[in-house]
>>> print(open('final.pdb').read())   # PDB, C-alpha atoms
MODEL        1
ATOM      1  CA  MET A  12       7.488  12.509  17.358
ATOM      2  CA  SER A  13       9.802  10.317  15.415
ATOM      3  CA  ARG A  14       9.839  11.665  11.877
ATOM      4  CA  GLY A  15       9.722  15.409  12.253
ATOM      5  CA  ALA A  16       7.308  17.451  14.248
ATOM      6  CA  ALA A  17       3.863  18.037  12.859
ATOM      7  CA  LYS A  18       3.519  21.357  11.122
ATOM      8  CA  ALA A  19       1.628  24.215  12.715
ATOM      9  CA  GLY A  20      -1.934  24.585  11.466
ATOM     10  CA  LYS A  21      -2.720  20.883  11.172
ATOM     11  CA  ALA A  22      -4.377  19.732   7.993
ATOM     12  CA  SER A  23      -7.714  17.951   8.039
ATOM     13  CA  ALA A  24      -8.282  14.666   6.271
ATOM     14  CA  GLU A  25     -10.912  16.356   4.098
ATOM     15  CA  ALA A  26      -8.428  19.011   2.981
ATOM     16  CA  VAL A  27      -5.798  16.394   2.185
ATOM     17  CA  VAL A  28      -8.285  14.293   0.207
ATOM     18  CA  GLY A  29      -9.199  17.477  -1.674
ATOM     19  CA  GLN A  30      -5.526  17.919  -2.585
ATOM     20  CA  LEU A  31      -5.348  14.294  -3.720
ATOM     21  CA  ARG A  32      -8.482  14.744  -5.810
ATOM     22  CA  ALA A  33      -6.918  17.816  -7.459
ATOM     23  CA  LEU A  34      -3.877  15.691  -8.396
ATOM     24  CA  GLU A  35      -6.024  12.922  -9.879
ATOM     25  CA  SER A  36      -4.605  11.223 -12.984
ATOM     26  CA  PRO A  37      -6.846   8.788 -14.885
ATOM     27  CA  LYS A  38      -3.833   7.640 -16.908
ATOM     28  CA  ASP A  39      -1.842   6.797 -13.759
ATOM     29  CA  ARG A  40      -4.894   5.096 -12.265
ATOM     30  CA  GLU A  41      -5.029   2.855 -15.350
ATOM     31  CA  GLY A  42      -1.364   2.055 -14.784
ATOM     32  CA  MET A  43      -2.104   1.091 -11.191
ATOM     33  CA  ALA A  44      -4.755  -1.346 -12.398
ATOM     34  CA  ARG A  45      -2.208  -3.047 -14.670
ATOM     35  CA  PHE A  46      -0.159  -3.812 -11.547
ATOM     36  CA  GLY A  47      -3.114  -5.374  -9.762
ATOM     37  CA  ILE A  48      -3.956  -2.388  -7.558
ATOM     38  CA  ARG A  49      -7.646  -1.788  -6.924
ATOM     39  CA  THR A  50      -8.580   1.544  -8.437
ATOM     40  CA  ASP A  51     -12.236   1.946  -7.503
ATOM     41  CA  ARG A  52     -11.204   4.330  -4.673
ATOM     42  CA  ALA A  53      -7.916   5.600  -6.111
ATOM     43  CA  PHE A  54      -6.886   8.920  -7.622
ATOM     44  CA  GLY A  55      -3.758   7.845  -9.500
ATOM     45  CA  VAL A  56      -1.276   9.912  -7.451
ATOM     46  CA  SER A  57       2.305   8.606  -7.443
ATOM     47  CA  ILE A  58       4.134   7.542  -4.306
ATOM     48  CA  ASP A  59       6.761  10.236  -4.980
ATOM     49  CA  VAL A  60       4.080  12.925  -4.762
ATOM     50  CA  LEU A  61       2.675  11.289  -1.623
ATOM     51  CA  ARG A  62       6.109  11.268   0.022
ATOM     52  CA  ARG A  63       6.490  14.996  -0.681
ATOM     53  CA  MET A  64       3.037  15.633   0.749
ATOM     54  CA  ALA A  65       3.905  13.611   3.851
ATOM     55  CA  LYS A  66       7.054  15.617   4.388
ATOM     56  CA  GLY A  67       5.014  18.827   4.266
ATOM     57  CA  LEU A  68       2.393  17.455   6.655
ATOM     58  CA  GLY A  69       4.850  16.122   9.222
ATOM     59  CA  THR A  70       4.115  13.405  11.752
ATOM     60  CA  ASP A  71       0.478  13.433  12.821
ATOM     61  CA  HIS A  72      -1.169  10.366  14.353
ATOM     62  CA  GLU A  73      -4.688  11.815  14.411
ATOM     63  CA  LEU A  74      -4.473  12.871  10.766
ATOM     64  CA  ALA A  75      -3.217   9.389   9.865
ATOM     65  CA  LEU A  76      -6.214   7.767  11.545
ATOM     66  CA  ALA A  77      -8.611  10.134   9.759
ATOM     67  CA  LEU A  78      -6.914   9.592   6.382
ATOM     68  CA  TRP A  79      -7.090   5.829   6.778
ATOM     69  CA  ALA A  80     -10.787   6.051   7.629
ATOM     70  CA  THR A  81     -11.559   7.723   4.275
ATOM     71  CA  GLY A  82     -10.889   4.448   2.467
ATOM     72  CA  TYR A  83      -9.136   6.188  -0.426
ATOM     73  CA  HIS A  84      -6.070   4.335  -1.703
ATOM     74  CA  GLU A  85      -3.660   7.268  -1.681
ATOM     75  CA  ALA A  86      -5.058   8.598   1.610
ATOM     76  CA  ARG A  87      -4.202   5.266   3.192
ATOM     77  CA  LEU A  88      -0.711   5.298   1.724
ATOM     78  CA  LEU A  89      -0.269   8.833   3.032
ATOM     79  CA  ALA A  90      -1.599   7.772   6.455
ATOM     80  CA  SER A  91       1.210   5.240   6.746
ATOM     81  CA  LEU A  92       3.739   7.950   5.886
ATOM     82  CA  VAL A  93       2.553  10.537   8.427
ATOM     83  CA  ASP A  94       1.625   8.302  11.365
ATOM     84  CA  ASP A  95       3.845   8.178  14.432
ATOM     85  CA  PRO A  96       5.152   4.615  14.978
ATOM     86  CA  ALA A  97       5.444   5.267  18.718
ATOM     87  CA  ARG A  98       1.676   5.873  18.898
ATOM     88  CA  VAL A  99       0.576   2.955  16.733
ATOM     89  CA  THR A 100      -1.100   0.235  18.776
ATOM     90  CA  GLU A 101      -1.328  -3.448  17.977
ATOM     91  CA  ALA A 102      -5.102  -3.049  17.646
ATOM     92  CA  GLN A 103      -4.605  -0.286  15.059
ATOM     93  CA  ALA A 104      -2.102  -2.434  13.162
ATOM     94  CA  ASP A 105      -4.565  -5.338  13.129
ATOM     95  CA  ARG A 106      -7.401  -3.095  11.894
ATOM     96  CA  TRP A 107      -5.255  -1.593   9.152
ATOM     97  CA  ALA A 108      -3.876  -4.996   8.105
ATOM     98  CA  ALA A 109      -7.442  -6.295   7.842
ATOM     99  CA  ASP A 110      -8.128  -3.406   5.422
ATOM    100  CA  PHE A 111      -5.157  -4.156   3.142
ATOM    101  CA  ASP A 112      -6.520  -4.704  -0.358
ATOM    102  CA  SER A 113      -3.386  -4.384  -2.474
ATOM    103  CA  TRP A 114       0.271  -5.243  -2.315
ATOM    104  CA  ASP A 115       1.409  -1.613  -2.372
ATOM    105  CA  ILE A 116      -0.629  -0.520   0.646
ATOM    106  CA  CYS A 117       0.594  -3.595   2.524
ATOM    107  CA  ASP A 118       4.253  -3.086   1.634
ATOM    108  CA  ILE A 119       4.364   0.682   2.133
ATOM    109  CA  CYS A 120       2.449   0.571   5.393
ATOM    110  CA  CYS A 121       4.641  -2.208   6.776
ATOM    111  CA  SER A 122       7.937  -0.798   5.544
ATOM    112  CA  ASN A 123       7.262   2.807   6.593
ATOM    113  CA  LEU A 124       5.260   2.383   9.782
ATOM    114  CA  PHE A 125       4.675  -1.031  11.292
ATOM    115  CA  ASP A 126       8.316  -2.082  11.018
ATOM    116  CA  ARG A 127       9.199   0.787  13.365
ATOM    117  CA  ALA A 128       6.605  -0.180  15.972
ATOM    118  CA  PRO A 129       7.899  -2.055  19.012
ATOM    119  CA  PHE A 130       5.580  -4.999  18.346
ATOM    120  CA  ALA A 131       6.527  -5.552  14.665
ATOM    121  CA  TYR A 132       8.432  -8.794  15.122
ATOM    122  CA  ARG A 133       5.790 -10.340  17.377
ATOM    123  CA  LYS A 134       2.958  -9.200  15.084
ATOM    124  CA  ALA A 135       4.674 -10.807  12.077
ATOM    125  CA  PHE A 136       4.309 -14.229  13.679
ATOM    126  CA  ALA A 137       0.602 -13.687  14.372
ATOM    127  CA  TRP A 138      -0.062 -12.417  10.859
ATOM    128  CA  ALA A 139       1.811 -15.342   9.298
ATOM    129  CA  GLU A 140      -0.987 -17.631  10.517
ATOM    130  CA  ASP A 141      -3.748 -15.469   9.009
ATOM    131  CA  GLY A 142      -5.555 -16.790   5.938
ATOM    132  CA  ARG A 143      -5.993 -13.408   4.266
ATOM    133  CA  GLU A 144      -3.519 -12.825   1.442
ATOM    134  CA  PHE A 145      -2.337  -9.330   2.296
ATOM    135  CA  VAL A 146      -2.231  -9.952   6.050
ATOM    136  CA  ARG A 147       0.135 -12.869   5.424
ATOM    137  CA  ARG A 148       2.158 -10.636   3.117
ATOM    138  CA  ALA A 149       2.317  -8.106   5.958
ATOM    139  CA  ALA A 150       3.889 -10.807   8.125
ATOM    140  CA  ILE A 151       6.756 -11.187   5.687
ATOM    141  CA  THR A 152       7.223  -7.446   5.207
ATOM    142  CA  ALA A 153       6.949  -6.533   8.892
ATOM    143  CA  ARG A 154       9.334  -9.325   9.895
ATOM    144  CA  HIS A 155      11.850  -8.546   7.193
ATOM    145  CA  ARG A 156      11.799  -4.809   7.765
ATOM    146  CA  SER A 157      11.675  -4.886  11.564
ATOM    147  CA  ARG A 158      14.557  -2.858  12.949
ATOM    148  CA  SER A 159      14.483  -4.758  16.234
ATOM    149  CA  VAL A 160      15.743  -8.034  14.782
ATOM    150  CA  THR A 161      18.421  -8.805  12.242
ATOM    151  CA  THR A 162      18.079 -11.633   9.767
ATOM    152  CA  PRO A 163      20.794 -14.281  10.039
ATOM    153  CA  MET A 164      23.093 -14.402   7.058
ATOM    154  CA  SER A 165      22.066 -18.023   6.532
ATOM    155  CA  PHE A 166      18.697 -16.737   5.309
ATOM    156  CA  ARG A 167      20.207 -14.389   2.729
ATOM    157  CA  SER A 168      21.061 -15.474  -0.778
ATOM    158  CA  ARG A 169      24.301 -14.600  -2.505
ATOM    159  CA  GLU A 170      22.398 -12.290  -4.890
ATOM    160  CA  SER A 171      20.968 -10.132  -2.103
ATOM    161  CA  CYS A 172      24.378  -9.879  -0.449
ATOM    162  CA  THR A 173      26.100  -8.692  -3.619
ATOM    163  CA  THR A 174      23.404  -6.585  -5.280
ATOM    164  CA  GLY A 175      21.454  -5.276  -2.303
ATOM    165  CA  ARG A 176      18.231  -6.404  -4.004
ATOM    166  CA  MET A 177      16.066  -9.089  -2.508
ATOM    167  CA  PRO A 178      15.038 -11.816  -4.956
ATOM    168  CA  VAL A 179      11.837 -13.798  -4.509
ATOM    169  CA  SER A 180      13.876 -16.693  -3.114
ATOM    170  CA  ASP A 181      14.798 -14.558  -0.084
ATOM    171  CA  TRP A 182      11.144 -13.789   0.606
ATOM    172  CA  CYS A 183      10.413 -17.511   0.457
ATOM    173  CA  MET A 184      13.340 -18.325   2.760
ATOM    174  CA  ARG A 185      12.140 -15.750   5.266
ATOM    175  CA  LEU A 186       8.601 -17.123   5.240
ATOM    176  CA  ALA A 187       9.976 -20.644   5.690
ATOM    177  CA  ALA A 188      12.110 -19.416   8.598
ATOM    178  CA  ILE A 189       9.094 -17.820  10.267
ATOM    179  CA  SER A 190       7.093 -21.020   9.846
ATOM    180  CA  ALA A 191       9.974 -23.158  11.141
ATOM    181  CA  VAL A 192      10.398 -21.037  14.265
ATOM    182  CA  GLN A 193       6.649 -21.191  14.901
ATOM    183  CA  ASP A 194       6.750 -24.987  14.534
ATOM    184  CA  GLY A 195       9.673 -25.204  16.962
ATOM    185  CA  VAL A 196      12.239 -26.139  14.302
ATOM    186  CA  GLN A 197      15.500 -24.212  14.606
TER
ENDMDL
END
>>> encode(input="final.pdb", output="C-alpha cells")
Amino acid sequence: MSRGAAKAGKASAEAVVGQLRALESPKDREGMARFGIRTDRAFGVSIDVLRRMAKGLGTDHELALALWATGYHEARLLASLVDDPARVTEAQADRWAADFDSWDICDICCSNLFDRAPFAYRKAFAWAEDGREFVRRAAITARHRSRSVTTPMSFRSRESCTTGRMPVSDWCMRLAAISAVQDGVQ
C-alpha cells in the first residue's frame, strides 16, 4: 500500500457518506456552485476536511470503489484520496474519467491518484482524443502530473520557472505538445 496502510476496522462507504452528510454546509455548497461545480449530489465539505478524513481512513482500494459508486461529489473526491494507485486499472481510470462532471473531481483525481498509476502517461494520450470536456482535461492533468515523465524545459514558461505557479499558457503549451507528439511532429 503506497500511502499508508489501511486502518484496522475498515470503514464502509455508507458510514463515510453518513459522516459527510453530518458535515454538510449549504453555504459552502452555494460557494461550490459559484465555481461551476455541480451541487445536486454535493454536501459542501471542503477539500481540507476530506484530506483529513482520507488520512484517518488510510489507503483502501475497495472503499474507494464503493465511495465512487455512491455518486456523491465529496465521496468521489475522497475515493481518489484513499485509493491505492498500484491497484488502479486502466479500465477503472476510464470508468471514473467518464464520470467526471466537474473540474475539481477531474483535477484532484488525476493529481492524487491517476498520475501515480503506471499507465498515466499512456492514458493521457488516449484521453486527449476524447470529445468529453473533463476527459480531455484529465489528459492534460494526468500528463502534466505523471511522475514517470518529466516535461522538457522548452515547454515551461519563464513565469512557472520563477514563481512555481503554472499559468494558463503552460497548460496550453502542454496540450499542444501532446497533440504534436500524437501527430508525429517533434
>>> resolve_selection(input="final.pdb", expression="the PyMOL selection byres ((chain A and resi 92) around 7)", output="list in words")
Ala65, Leu88, Leu89, Ala90, Ser91, Val93, Asp94, Asn123 and Leu124 of chain A
>>> resolve_selection(input="final.pdb", expression="the PyMOL selection byres ((chain A and resi 128) around 10)", output="MDAnalysis selection string")
chainID A and resid 95:101 104 121 123:127 129:132 134 153 157:159
>>> resolve_selection(input="final.pdb", expression="the PyMOL selection byres ((chain A and resi 36) around 8)", output="list in words")
Leu34, Glu35, Pro37, Lys38, Asp39, Arg40, Phe54, Gly55 and Val56 of chain A
>>> write_last_selection(input="final.pdb", atoms="C-alpha atoms", output="mmCIF file, in the frame of the given file")
data_model
loop_
_atom_site.group_PDB
_atom_site.id
_atom_site.type_symbol
_atom_site.label_atom_id
_atom_site.label_comp_id
_atom_site.auth_asym_id
_atom_site.auth_seq_id
_atom_site.Cartn_x
_atom_site.Cartn_y
_atom_site.Cartn_z
ATOM 1 C CA LEU A 34 -3.877 15.691 -8.396
ATOM 2 C CA GLU A 35 -6.024 12.922 -9.879
ATOM 3 C CA PRO A 37 -6.846 8.788 -14.885
ATOM 4 C CA LYS A 38 -3.833 7.640 -16.908
ATOM 5 C CA ASP A 39 -1.842 6.797 -13.759
ATOM 6 C CA ARG A 40 -4.894 5.096 -12.265
ATOM 7 C CA PHE A 54 -6.886 8.920 -7.622
ATOM 8 C CA GLY A 55 -3.758 7.845 -9.500
ATOM 9 C CA VAL A 56 -1.276 9.912 -7.451
#
>>> closest_residue(input="final.pdb", among="A:Arg52, A:Arg63, A:His72, A:Arg45", to="A:Lys21", atoms="only C-alpha atoms")
A:His72
>>> closest_residue(input="final.pdb", among="A:Arg62, A:Arg147, A:Arg106, A:His84", to="A:Val28", atoms="all atoms listed in the file")
A:His84
>>> axis_aligned_box(input="final.pdb", around="stretch 24-38 of chain A", padding_each_side="6 Å", output="lines of an AutoDock Vina configuration file")
center_x = -7.4
center_y = 13.3
center_z = -5.3
size_x = 19.1
size_y = 23.4
size_z = 35.2
>>> residues_around(input="final.pdb", residues="stretch 29-33 of chain A", least_positions_apart="5", cutoff="10 Å", atoms="all atoms listed in the file", output="PyMOL selection string")
chain A and resi 23-24+53-56+60-61+64+83+85-86
>>> closest_residue(input="final.pdb", among="A:Glu73, A:Asp51, A:Asp115, A:Asp105", to="A:Val146", atoms="all atoms listed in the file")
A:Asp105
>>> closest_residue(input="final.pdb", among="A:Arg148, A:Phe136, A:Arg143, A:Ser113", to="A:Phe46", atoms="only C-alpha atoms")
A:Ser113
>>> atom_distance(input="final.pdb", atom1="atom CA of A:Ile151", atom2="atom CA of A:Cys120")
12.5 Å
>>> atom_distance(input="final.pdb", atom1="atom CA of A:Phe145", atom2="atom CA of A:Asp112")
6.8 Å
>>> atom_distance(input="final.pdb", atom1="atom CA of A:Ile116", atom2="atom CA of A:Glu25")
20.1 Å
>>> closest_residue(input="final.pdb", among="A:Asp71, A:Asp118, A:Gly82, A:Ala77", to="A:Thr50", atoms="only C-alpha atoms")
A:Gly82
>>> decode(input="final.pdb", residues="stretch 36-48 of chain A", atoms="N, CA, C and O atoms", output="PDB file, in the first residue's frame")
ATOM      1  N   SER A  36     -22.718  21.554   4.511  1.00  0.00           N
ATOM      2  CA  SER A  36     -22.749  23.006   4.665  1.00  0.00           C
ATOM      3  C   SER A  36     -23.430  23.622   3.443  1.00  0.00           C
ATOM      4  O   SER A  36     -22.813  23.750   2.378  1.00  0.00           O
ATOM      5  N   PRO A  37     -24.700  24.022   3.594  1.00  0.00           N
ATOM      6  CA  PRO A  37     -25.391  24.661   2.464  1.00  0.00           C
ATOM      7  C   PRO A  37     -24.659  25.904   1.952  1.00  0.00           C
ATOM      8  O   PRO A  37     -24.611  26.145   0.745  1.00  0.00           O
ATOM      9  N   LYS A  38     -24.059  26.658   2.842  1.00  0.00           N
ATOM     10  CA  LYS A  38     -23.324  27.859   2.439  1.00  0.00           C
ATOM     11  C   LYS A  38     -22.134  27.484   1.549  1.00  0.00           C
ATOM     12  O   LYS A  38     -21.904  28.107   0.512  1.00  0.00           O
ATOM     13  N   ASP A  39     -21.374  26.459   1.967  1.00  0.00           N
ATOM     14  CA  ASP A  39     -20.224  26.031   1.159  1.00  0.00           C
ATOM     15  C   ASP A  39     -20.674  25.411  -0.163  1.00  0.00           C
ATOM     16  O   ASP A  39     -19.994  25.547  -1.182  1.00  0.00           O
ATOM     17  N   ARG A  40     -21.816  24.743  -0.155  1.00  0.00           N
ATOM     18  CA  ARG A  40     -22.349  24.175  -1.386  1.00  0.00           C
ATOM     19  C   ARG A  40     -22.698  25.297  -2.373  1.00  0.00           C
ATOM     20  O   ARG A  40     -22.436  25.188  -3.564  1.00  0.00           O
ATOM     21  N   GLU A  41     -23.246  26.396  -1.866  1.00  0.00           N
ATOM     22  CA  GLU A  41     -23.521  27.552  -2.721  1.00  0.00           C
ATOM     23  C   GLU A  41     -22.227  28.096  -3.313  1.00  0.00           C
ATOM     24  O   GLU A  41     -22.184  28.493  -4.482  1.00  0.00           O
ATOM     25  N   GLY A  42     -21.173  28.125  -2.500  1.00  0.00           N
ATOM     26  CA  GLY A  42     -19.878  28.578  -2.984  1.00  0.00           C
ATOM     27  C   GLY A  42     -19.334  27.680  -4.088  1.00  0.00           C
ATOM     28  O   GLY A  42     -18.734  28.154  -5.053  1.00  0.00           O
ATOM     29  N   MET A  43     -19.550  26.386  -3.943  1.00  0.00           N
ATOM     30  CA  MET A  43     -19.113  25.443  -4.977  1.00  0.00           C
ATOM     31  C   MET A  43     -19.810  25.755  -6.302  1.00  0.00           C
ATOM     32  O   MET A  43     -19.174  25.736  -7.356  1.00  0.00           O
ATOM     33  N   ALA A  44     -21.091  26.046  -6.228  1.00  0.00           N
ATOM     34  CA  ALA A  44     -21.864  26.343  -7.436  1.00  0.00           C
ATOM     35  C   ALA A  44     -21.316  27.580  -8.143  1.00  0.00           C
ATOM     36  O   ALA A  44     -21.284  27.626  -9.381  1.00  0.00           O
ATOM     37  N   ARG A  45     -20.853  28.558  -7.386  1.00  0.00           N
ATOM     38  CA  ARG A  45     -20.287  29.770  -8.000  1.00  0.00           C
ATOM     39  C   ARG A  45     -19.031  29.461  -8.797  1.00  0.00           C
ATOM     40  O   ARG A  45     -18.655  30.208  -9.690  1.00  0.00           O
ATOM     41  N   PHE A  46     -18.359  28.358  -8.463  1.00  0.00           N
ATOM     42  CA  PHE A  46     -17.149  27.961  -9.190  1.00  0.00           C
ATOM     43  C   PHE A  46     -17.437  26.907 -10.252  1.00  0.00           C
ATOM     44  O   PHE A  46     -16.531  26.251 -10.749  1.00  0.00           O
ATOM     45  N   GLY A  47     -18.715  26.736 -10.581  1.00  0.00           N
ATOM     46  CA  GLY A  47     -19.082  25.838 -11.663  1.00  0.00           C
ATOM     47  C   GLY A  47     -19.107  24.366 -11.299  1.00  0.00           C
ATOM     48  O   GLY A  47     -19.085  23.510 -12.181  1.00  0.00           O
ATOM     49  N   ILE A  48     -19.152  24.059 -10.014  1.00  0.00           N
ATOM     50  CA  ILE A  48     -19.196  22.667  -9.561  1.00  0.00           C
ATOM     51  C   ILE A  48     -20.655  22.269  -9.403  1.00  0.00           C
ATOM     52  O   ILE A  48     -21.437  22.992  -8.779  1.00  0.00           O
TER      53      ILE A  48
END
